[in-house]
file my_file.txt (compact mmCIF, C-alpha atoms)
# COMPACT_ATOMS: atom_id res chain seq x y z
CA MET A 1387 -124.53 176.93 15.71
CA GLU A 1388 -125.31 173.30 14.82
CA ALA A 1389 -122.52 171.50 12.92
CA GLN A 1390 -123.08 171.15 9.19
CA PRO A 1391 -123.38 167.57 7.84
CA ASP A 1392 -119.91 167.63 6.27
CA ASP A 1393 -118.45 168.93 9.54
CA ARG A 1394 -120.25 166.18 11.39
CA ARG A 1395 -118.92 163.46 9.12
CA GLU A 1396 -115.44 164.90 9.42
CA MET A 1397 -115.78 164.89 13.21
CA ILE A 1398 -116.84 161.24 13.12
CA MET A 1399 -113.79 160.35 11.04
CA LEU A 1400 -111.54 162.37 13.34
CA TRP A 1401 -112.99 160.57 16.33
CA ALA A 1402 -112.69 157.15 14.69
CA PHE A 1403 -108.99 157.57 14.05
CA ALA A 1404 -108.13 159.80 16.99
CA LYS A 1405 -105.06 158.73 18.86
CA LEU A 1406 -104.68 158.44 22.60
CA ASP A 1407 -102.37 160.88 24.36
CA VAL A 1408 -99.86 158.31 25.61
CA VAL A 1409 -98.37 160.45 28.39
CA ALA A 1410 -101.80 161.36 29.75
CA PHE A 1411 -102.97 157.74 29.49
CA VAL A 1412 -99.90 156.44 31.32
CA ALA A 1413 -100.26 159.02 34.08
CA ALA A 1414 -103.97 158.31 34.54
CA SER A 1415 -103.36 154.53 34.60
CA ALA A 1416 -100.59 154.90 37.17
CA VAL A 1417 -102.71 157.05 39.46
CA VAL A 1418 -105.83 154.88 39.25
CA VAL A 1419 -104.11 151.50 39.69
CA GLY A 1420 -101.96 152.82 42.54
CA LEU A 1421 -105.01 154.32 44.20
CA ALA A 1422 -106.91 151.05 43.82
CA LEU A 1423 -104.32 149.03 45.74
CA LEU A 1424 -103.93 151.80 48.32
CA VAL A 1425 -107.67 151.91 49.00
CA LEU A 1426 -107.96 148.11 49.05
CA THR A 1427 -105.10 147.74 51.52
CA LEU A 1428 -106.28 150.53 53.80
CA ALA A 1429 -109.82 149.09 53.79
CA LEU A 1430 -108.46 145.80 55.15
CA VAL A 1431 -106.23 147.59 57.68
CA ILE A 1432 -109.18 149.61 58.98
CA LYS A 1433 -111.44 146.53 59.05
CA GLY A 1434 -108.80 144.63 61.00
CA ALA A 1435 -109.00 141.00 62.13
CA PRO A 1436 -109.68 139.11 65.38
CA PRO A 1437 -106.71 138.81 67.74
CA GLY A 1438 -104.17 136.23 66.62
CA ILE A 1439 -105.35 136.24 63.00
CA PRO A 1440 -103.27 138.08 60.40
CA VAL A 1441 -104.89 140.93 58.49
CA GLY A 1442 -105.39 140.28 54.79
CA PRO A 1443 -103.14 137.21 54.37
CA HIS A 1444 -104.19 136.67 50.76
CA LEU A 1445 -103.61 140.26 49.69
CA GLY A 1446 -100.36 140.15 51.65
CA ALA A 1447 -99.16 137.45 49.25
CA LEU A 1448 -98.53 140.30 46.81
CA ALA A 1449 -95.31 140.85 48.78
CA VAL A 1450 -93.85 138.06 46.63
CA PHE A 1451 -94.09 140.41 43.66
CA PHE A 1452 -93.86 143.72 45.55
CA PRO A 1453 -90.98 143.47 48.06
CA GLY A 1454 -91.70 145.58 51.11
CA TYR A 1455 -95.48 145.47 50.66
CA SER A 1456 -97.59 144.47 53.64
CA VAL A 1457 -101.19 144.93 54.71
CA THR A 1458 -100.37 147.91 56.94
CA ALA A 1459 -100.63 151.67 56.52
CA GLY A 1460 -96.97 151.98 55.57
CA GLY A 1461 -97.11 148.92 53.35
CA ALA A 1462 -100.12 150.40 51.56
CA LEU A 1463 -98.00 153.32 50.35
CA ILE A 1464 -95.25 151.00 49.18
CA GLY A 1465 -97.80 148.84 47.40
CA ALA A 1466 -99.37 151.89 45.80
CA ALA A 1467 -95.99 152.88 44.38
CA TYR A 1468 -95.44 149.44 42.90
CA ALA A 1469 -99.00 149.28 41.58
CA SER A 1470 -98.56 152.70 39.98
CA MET A 1471 -95.58 151.37 38.06
CA VAL A 1472 -97.56 148.34 36.93
CA GLY A 1473 -100.44 150.59 35.91
CA ALA A 1474 -98.10 152.88 34.01
CA VAL A 1475 -96.63 149.97 32.05
CA MET A 1476 -100.10 148.60 31.26
CA GLY A 1477 -101.26 152.04 30.16
CA LEU A 1478 -98.17 152.55 28.00
CA VAL A 1479 -98.62 149.23 26.24
CA LEU A 1480 -102.37 149.68 25.67
CA ALA A 1481 -102.12 153.27 24.41
CA THR A 1482 -99.14 152.52 22.17
CA VAL A 1483 -100.72 149.44 20.63
CA TRP A 1484 -104.00 151.36 20.05
CA ASN A 1485 -102.17 154.23 18.34
CA VAL A 1486 -99.96 151.95 16.24
CA ALA A 1487 -102.95 149.86 15.13
CA HIS A 1488 -104.86 152.99 14.07
CA ALA A 1489 -101.81 154.43 12.34
CA LEU A 1490 -101.36 151.21 10.36
CA PHE A 1491 -105.05 151.10 9.48
CA LEU A 1492 -104.98 154.72 8.36
CA ALA A 1493 -101.84 154.12 6.30
CA VAL A 1494 -103.55 151.24 4.51
CA ILE A 1495 -106.63 153.36 3.78
CA ARG A 1496 -104.54 156.24 2.43
CA MET A 1497 -102.48 153.86 0.28
CA ARG A 1498 -105.61 152.29 -1.19
CA ALA A 1499 -107.10 155.73 -1.81
CA SER A 1500 -103.90 156.81 -3.60
CA LEU A 1501 -103.91 153.66 -5.73
CA ALA A 1502 -107.56 154.16 -6.58
CA THR A 1503 -106.89 157.67 -7.92
CA TYR A 1504 -103.71 156.64 -9.77
CA SER A 1505 -104.10 156.78 -13.49
CA ILE A 1506 -101.77 155.17 -15.99
CA ASP A 1507 -102.88 157.52 -18.81
CA MET B 1034 -141.65 174.37 8.73
CA ASP B 1035 -143.55 171.84 6.63
CA PRO B 1036 -142.57 168.34 7.96
CA ALA B 1037 -142.41 167.02 4.39
CA SER B 1038 -140.14 169.81 3.06
CA PRO B 1039 -136.99 169.06 1.03
CA VAL B 1040 -134.90 170.71 3.76
CA ASN B 1041 -136.16 168.21 6.29
CA ASP B 1042 -135.61 165.35 3.85
CA ALA B 1043 -132.01 166.46 3.27
CA ALA B 1044 -131.42 166.82 7.00
CA GLU B 1045 -132.80 163.32 7.56
CA ARG B 1046 -130.58 161.89 4.83
CA ASP B 1047 -127.50 163.61 6.27
CA GLY B 1048 -128.36 162.32 9.73
CA ALA B 1049 -128.74 158.81 8.35
CA THR B 1050 -125.42 159.11 6.53
CA ALA B 1051 -123.68 160.26 9.71
CA ARG B 1052 -125.19 157.31 11.60
CA GLU B 1053 -124.10 154.88 8.87
CA LEU B 1054 -120.59 156.31 8.95
CA LEU B 1055 -120.54 156.06 12.72
CA GLN B 1056 -121.75 152.44 12.63
CA ALA B 1057 -118.97 151.57 10.19
CA THR B 1058 -116.30 153.19 12.34
CA LEU B 1059 -117.73 151.54 15.46
CA ARG B 1060 -117.48 148.13 13.80
CA VAL B 1061 -113.83 148.71 12.94
CA ASN B 1062 -112.85 150.11 16.33
CA SER B 1063 -114.82 147.46 18.27
CA LEU B 1064 -113.01 144.75 16.33
CA LEU B 1065 -109.67 146.46 16.90
CA PHE B 1066 -110.22 146.92 20.62
CA GLY B 1067 -111.50 143.36 20.96
CA VAL B 1068 -108.42 141.95 19.24
CA ILE B 1069 -106.08 144.05 21.38
CA LEU B 1070 -107.79 143.11 24.66
CA GLY B 1071 -108.10 139.47 23.61
CA THR B 1072 -104.42 139.30 22.76
CA PHE B 1073 -103.42 140.82 26.09
CA ALA B 1074 -105.76 138.56 28.06
CA GLY B 1075 -104.60 135.44 26.24
CA ALA B 1076 -100.94 136.36 26.67
CA ALA B 1077 -101.46 137.11 30.37
CA LEU B 1078 -103.15 133.77 31.04
CA LEU B 1079 -100.47 131.96 29.02
CA ALA B 1080 -97.66 133.64 30.94
CA LEU B 1081 -99.36 133.08 34.32
CA SER B 1082 -99.76 129.39 33.58
CA LEU B 1083 -96.17 128.89 32.40
CA PHE B 1084 -94.56 130.80 35.27
CA ALA B 1085 -96.90 129.74 38.08
CA GLY B 1086 -95.31 127.73 40.85
CA PRO B 1087 -96.97 124.97 42.84
CA GLY B 1088 -99.23 125.82 45.77
CA GLY B 1089 -100.11 129.39 46.69
CA TRP B 1090 -96.88 131.09 45.75
CA HIS B 1091 -95.98 132.71 42.45
CA GLY B 1092 -99.44 132.46 40.97
CA GLY B 1093 -100.17 128.75 41.39
CA LEU B 1094 -103.28 129.50 43.43
CA ALA B 1095 -104.48 132.07 40.91
CA VAL B 1096 -104.09 129.51 38.11
CA ALA B 1097 -106.04 126.93 40.09
CA LEU B 1098 -108.85 129.37 40.85
CA ILE B 1099 -109.10 130.56 37.24
CA GLY B 1100 -109.12 126.93 36.15
CA THR B 1101 -112.38 126.40 38.04
CA ILE B 1102 -114.07 128.86 35.68
CA LEU B 1103 -112.16 128.22 32.44
CA PRO B 1104 -112.20 124.48 31.63
CA GLY B 1105 -108.81 123.07 30.73
CA TYR B 1106 -106.78 125.93 32.15
CA GLY B 1107 -103.96 124.94 34.47
CA ARG B 1108 -100.21 124.99 34.98
CA GLY B 1109 -97.95 123.76 32.20
CA TRP B 1110 -98.21 123.72 28.45
CA PRO B 1111 -101.58 122.15 27.67
CA GLY B 1112 -103.26 124.37 30.28
CA ALA B 1113 -101.38 127.40 29.03
CA LEU B 1114 -102.70 126.88 25.50
CA TYR B 1115 -106.23 126.60 26.84
CA GLY B 1116 -105.57 129.84 28.70
CA LEU B 1117 -104.36 131.53 25.51
CA ILE B 1118 -107.53 130.52 23.66
CA TRP B 1119 -109.93 131.27 26.52
CA GLY B 1120 -108.21 134.54 27.26
CA PHE B 1121 -108.41 135.64 23.64
CA LEU B 1122 -112.09 134.66 23.30
CA VAL B 1123 -113.22 136.22 26.57
CA GLY B 1124 -110.99 139.27 26.16
CA ALA B 1125 -112.11 139.88 22.59
CA ALA B 1126 -115.80 139.54 23.48
CA LEU B 1127 -115.40 141.84 26.47
CA GLY B 1128 -113.40 144.34 24.44
CA GLY B 1129 -116.08 144.55 21.76
CA VAL B 1130 -118.88 144.94 24.30
CA ILE B 1131 -116.95 147.53 26.34
CA TYR B 1132 -116.18 149.60 23.25
CA ARG B 1133 -119.79 149.48 22.05
CA ILE B 1134 -121.23 150.51 25.41
CA ASN B 1135 -118.60 153.23 25.72
CA SER B 1136 -119.63 154.62 22.33
CA LEU B 1137 -123.42 154.63 22.86
CA HIS B 1138 -123.75 158.42 22.87
CA VAL B 1139 -120.88 159.35 20.55
CA LEU B 1140 -123.05 160.95 17.87
CA ARG B 1141 -124.65 163.27 20.41
CA MET B 1142 -121.39 164.55 21.89
CA ILE B 1143 -118.84 163.97 19.16
CA ASP B 1144 -117.58 167.56 19.37
CA ARG B 1145 -116.45 166.99 22.95
CA LEU B 1146 -114.63 163.74 22.27
CA VAL B 1147 -111.80 164.96 20.05
CA ILE B 1148 -109.06 167.56 20.33
CA ALA B 1149 -108.21 168.56 16.77
CA GLN B 1150 -104.57 168.78 15.85
CA ARG B 1151 -102.68 170.15 12.88
CA GLY B 1152 -100.84 167.26 11.27
CA ALA B 1153 -97.51 167.59 9.47
CA ASP B 1154 -99.35 167.21 6.17
CA SER B 1155 -102.81 168.48 5.28
CA PHE B 1156 -104.44 165.40 6.82
CA ALA B 1157 -106.41 166.42 9.90
CA GLN B 1158 -105.59 164.53 13.09
CA ALA B 1159 -107.12 164.43 16.53
CA VAL B 1160 -106.42 163.34 20.07
CA LEU B 1161 -109.13 161.35 21.76
CA ARG B 1162 -110.90 162.56 24.86
CA LEU B 1163 -112.62 160.08 27.13
CA HIS B 1164 -116.18 160.35 28.41
CA GLY B 1165 -116.05 159.17 32.02
CA PRO B 1166 -119.70 158.15 32.49
CA SER B 1167 -119.72 156.10 29.26
CA LEU B 1168 -116.42 154.44 30.16
CA GLY B 1169 -117.67 153.79 33.68
CA LEU B 1170 -120.89 152.29 32.37
CA ALA B 1171 -118.95 150.00 30.03
CA ILE B 1172 -116.26 148.82 32.47
CA GLY B 1173 -118.69 148.69 35.40
CA ALA B 1174 -121.20 146.61 33.43
CA ALA B 1175 -118.46 144.23 32.27
CA GLY B 1176 -117.16 143.78 35.80
CA ALA B 1177 -120.60 143.35 37.32
CA LEU B 1178 -121.76 140.86 34.72
CA GLY B 1179 -118.47 138.98 35.05
CA LEU B 1180 -118.97 138.67 38.80
CA ILE B 1181 -122.54 137.44 38.37
CA ALA B 1182 -121.46 134.92 35.71
CA THR B 1183 -118.50 133.50 37.65
CA THR B 1184 -120.37 133.33 40.95
CA ASN B 1185 -123.38 131.61 39.46
CA THR B 1186 -121.09 129.17 37.65
CA LEU B 1187 -119.89 128.06 41.07
CA VAL B 1188 -123.47 127.91 42.35
CA LEU B 1189 -124.68 125.84 39.39
CA ARG B 1190 -121.74 123.45 39.75
CA GLY B 1191 -122.67 122.90 43.37
CA THR B 1192 -119.28 124.05 44.71
CA ALA B 1193 -120.48 127.28 46.32
CA ALA B 1194 -119.96 125.98 49.85
CA GLU B 1195 -116.33 125.04 49.09
CA SER B 1196 -115.49 128.33 47.36
CA VAL B 1197 -113.42 129.71 50.21
CA HIS B 1198 -111.48 132.13 48.04
CA ALA B 1199 -114.57 133.51 46.30
CA ARG B 1200 -115.99 134.33 49.74
CA LEU B 1201 -112.95 136.56 50.34
CA LEU B 1202 -114.55 139.07 47.97
CA ALA B 1203 -116.93 139.88 50.83
CA GLU B 1204 -113.97 141.69 52.45
CA VAL B 1205 -114.18 144.40 49.80
CA LEU B 1206 -117.78 143.89 48.65
CA PRO B 1207 -119.86 143.76 51.88
CA GLY B 1208 -122.94 141.63 51.43
CA TYR B 1209 -121.42 139.50 48.68
CA THR B 1210 -121.87 135.77 49.10
CA VAL B 1211 -121.35 132.84 46.75
CA SER B 1212 -125.04 132.69 45.86
CA THR B 1213 -127.32 134.21 43.25
CA SER B 1214 -128.63 136.95 45.51
CA GLY B 1215 -125.17 137.62 46.92
CA SER B 1216 -123.73 137.91 43.42
CA ILE B 1217 -126.27 140.63 42.56
CA ILE B 1218 -125.38 142.62 45.67
CA GLY B 1219 -121.68 142.24 44.93
CA ALA B 1220 -122.23 143.14 41.28
CA MET B 1221 -123.96 146.41 42.20
CA GLU B 1222 -121.14 147.35 44.56
CA LEU B 1223 -118.49 146.37 42.01
CA PHE B 1224 -120.27 148.44 39.36
CA ALA B 1225 -120.22 151.48 41.64
CA ILE B 1226 -116.52 151.04 42.45
CA LEU B 1227 -115.48 150.56 38.82
CA TYR B 1228 -117.70 153.49 37.73
CA ALA B 1229 -116.02 155.78 40.24
CA PHE B 1230 -112.55 154.71 39.15
CA CYS B 1231 -113.42 155.25 35.48
CA ILE B 1232 -114.70 158.76 36.21
CA ALA B 1233 -111.42 159.50 37.97
CA PHE B 1234 -109.39 157.95 35.15
CA ALA B 1235 -111.17 159.92 32.42
CA GLY B 1236 -110.94 163.13 34.43
CA ILE B 1237 -107.18 162.81 34.91
CA TYR B 1238 -106.60 161.76 31.30
CA ASN B 1239 -108.73 164.57 29.81
CA ALA B 1240 -107.14 167.21 32.03
CA LEU B 1241 -103.61 166.15 31.13
CA ALA B 1242 -104.34 165.60 27.44
CA GLY B 1243 -106.07 168.97 27.18
CA ARG B 1244 -103.15 170.80 28.82
CA ARG B 1245 -100.60 169.02 26.68
CA GLN B 1246 -102.48 169.86 23.47
CA ILE B 1247 -102.77 173.51 24.51
CA GLY B 1248 -99.03 173.48 25.19
CA HIS B 1249 -98.29 171.94 21.79
CA ALA B 1250 -100.54 174.47 20.04
CA ALA B 1251 -98.83 177.38 21.82
CA GLY B 1252 -95.41 176.02 20.98
CA GLY B 1253 -96.37 175.58 17.33
CA ALA B 1254 -97.74 179.13 17.12
CA ALA B 1255 -94.57 180.58 18.63
CA LYS B 1256 -92.33 179.02 15.94
call {"tool": "encode", "arguments": {"input": "my_file.txt", "output": "structure tokens"}}
result
Amino acid sequence: MEAQPDDRREMIMLWAFAKLDVVAFVAASAVVVGLALLVLTLALVIKGAPPGIPVGPHLGALAVFFPGYSVTAGGALIGAAYASMVGAVMGLVLATVWNVAHALFLAVIRMRASLATYSID
Amino acid sequence: MDPASPVNDAAERDGATARELLQATLRVNSLLFGVILGTFAGAALLALSLFAGPGGWHGGLAVALIGTILPGYGRGWPGALYGLIWGFLVGAALGGVIYRINSLHVLRMIDRLVIAQRGADSFAQAVLRLHGPSLGLAIGAAGALGLIATTNTLVLRGTAAESVHARLLAEVLPGYTVSTSGSIIGAMELFAILYAFCIAFAGIYNALAGRRQIGHAAGGAAK
């Protein structure tokens, strides 16, 4: 059955102020960012380099920030673990800030609505 | 049914009202997302500039490369402030565009984008679901257009031949070159990669969020 107009407007408002599920967002961010570095590293390992030339020297510079990371199969897993942590932190910050901003906005709207209906009579 | 009937007129008015309401909420959320992304981008560029060391280590190279695209950006305080401003402007613009593209088909599938919750008071609440294809289109388009813009900036400046680091992108984007045609090939590949990652991201998020909300609902019913 098609949604009635009031239902539709309520759905729009629900969507507008819907919060992000922080745990799900953090988990998804961790998986995707970790997977991205894993795939990138393995792509370079598989592609290889001519003899005497290091594989992926620029990507390997990430070892400064991710101790133990290297452009090798084993290093790819280590890098993926680090990248997952970075992704999780980024996801946590983004989801939390989004939810807090919406909560504040909603609180302001509800306060103004309450003041508008307040009568001094 | 008569096309000019009052029922049709009322349905049209309600549809227009829903669209107006949606446009209003899109404006608010686009602004919010733009401010959040702009703040993060500005803060990231500021921090990178302040903590970057000389040469290739600890971000110095990254600062130098970004400085070729963002005038004024570099290591130290004046460059860091330029980075804060540029980062905010570019991040905010990108955030607004990404949110708008992501929300193109909201009205058509609004029922699938929220998981209703029972709030502590009578105020209805919801948890957002993500639509992977819309998110992929938004992020993919932003990434692809960004690659085209930055590559062609180098081409127009006449430094394409010296852009050794830009050419490294060909390692992950086969066919990419620091040229107009190469940027289009790279942009298409980048779009596909980002689209695939967004589909995966939305799939994981929706699956976990859905399970957690079912769990919360079951726990609430049991009490």
call {"tool": "closest_residue", "arguments": {"input": "my_file.txt", "among": "A:Ile1398, A:Val1417, A:Pro1436, A:Asn1485", "to": "B:Leu1140", "atoms": "all atoms listed in the file"}}
result
A:Ile1398
call {"tool": "closest_residue", "arguments": {"input": "my_file.txt", "among": "B:Leu1168, B:Ala1182, B:Val1123, B:Leu1163", "to": "B:Ile1237", "atoms": "only C-alpha atoms"}}
result
B:Leu1163
call {"tool": "residues_around", "arguments": {"input": "my_file.txt", "residues": "stretch 1188-1193 of chain B", "least_positions_apart": "2", "cutoff": "8 Å", "atoms": "all atoms listed in the file", "output": "PyMOL selection string"}}
result
chain B and resi 1184-1186+1195-1196+1211-1213
call {"tool": "closest_atom_pairs", "arguments": {"input": "my_file.txt", "of": "chain B", "to": "chain A", "cutoff": "6 Å", "atoms": "only C-alpha atoms", "output": "Markdown table"}}
result
| residue | atom | partner | partner_atom | distance |
| --- | --- | --- | --- | --- |
| B:Asp1047 | CA | A:Pro1391 | CA | 5.9 |
| B:Ala1051 | CA | A:Arg1395 | CA | 5.8 |
| B:Thr1058 | CA | A:Ala1402 | CA | 5.9 |
| B:Val1147 | CA | A:Trp1401 | CA | 5.9 |
| B:Ala1159 | CA | A:Ala1404 | CA | 4.8 |
| B:Val1160 | CA | A:Lys1405 | CA | 5.0 |
| B:Leu1161 | CA | A:Ala1404 | CA | 5.1 |
| B:Phe1234 | CA | A:Ala1414 | CA | 5.5 |
| B:Ile1237 | CA | A:Ala1414 | CA | 5.5 |
| B:Tyr1238 | CA | A:Ala1410 | CA | 5.1 |
| B:Leu1241 | CA | A:Ala1410 | CA | 5.3 |
| B:Ala1242 | CA | A:Ala1410 | CA | 5.5 |
call {"tool": "atom_distance", "arguments": {"input": "my_file.txt", "atom1": "atom CA of B:Ala1203", "atom2": "atom CA of B:Leu1223"}}
result
11.1 Å
call {"tool": "residues_around", "arguments": {"input": "my_file.txt", "residues": "stretch 1066-1070 of chain B", "least_positions_apart": "5", "cutoff": "7 Å", "atoms": "only C-alpha atoms", "output": "PyMOL selection string"}}
result
chain B and resi 1124-1129
call {"tool": "atom_distance", "arguments": {"input": "my_file.txt", "atom1": "atom CA of A:Ala1462", "atom2": "atom CA of B:His1198"}}
result
21.8 Å
call {"tool": "atom_distance", "arguments": {"input": "my_file.txt", "atom1": "atom CA of B:Ala1240", "atom2": "atom CA of B:Gln1056"}}
result
28.4 Å
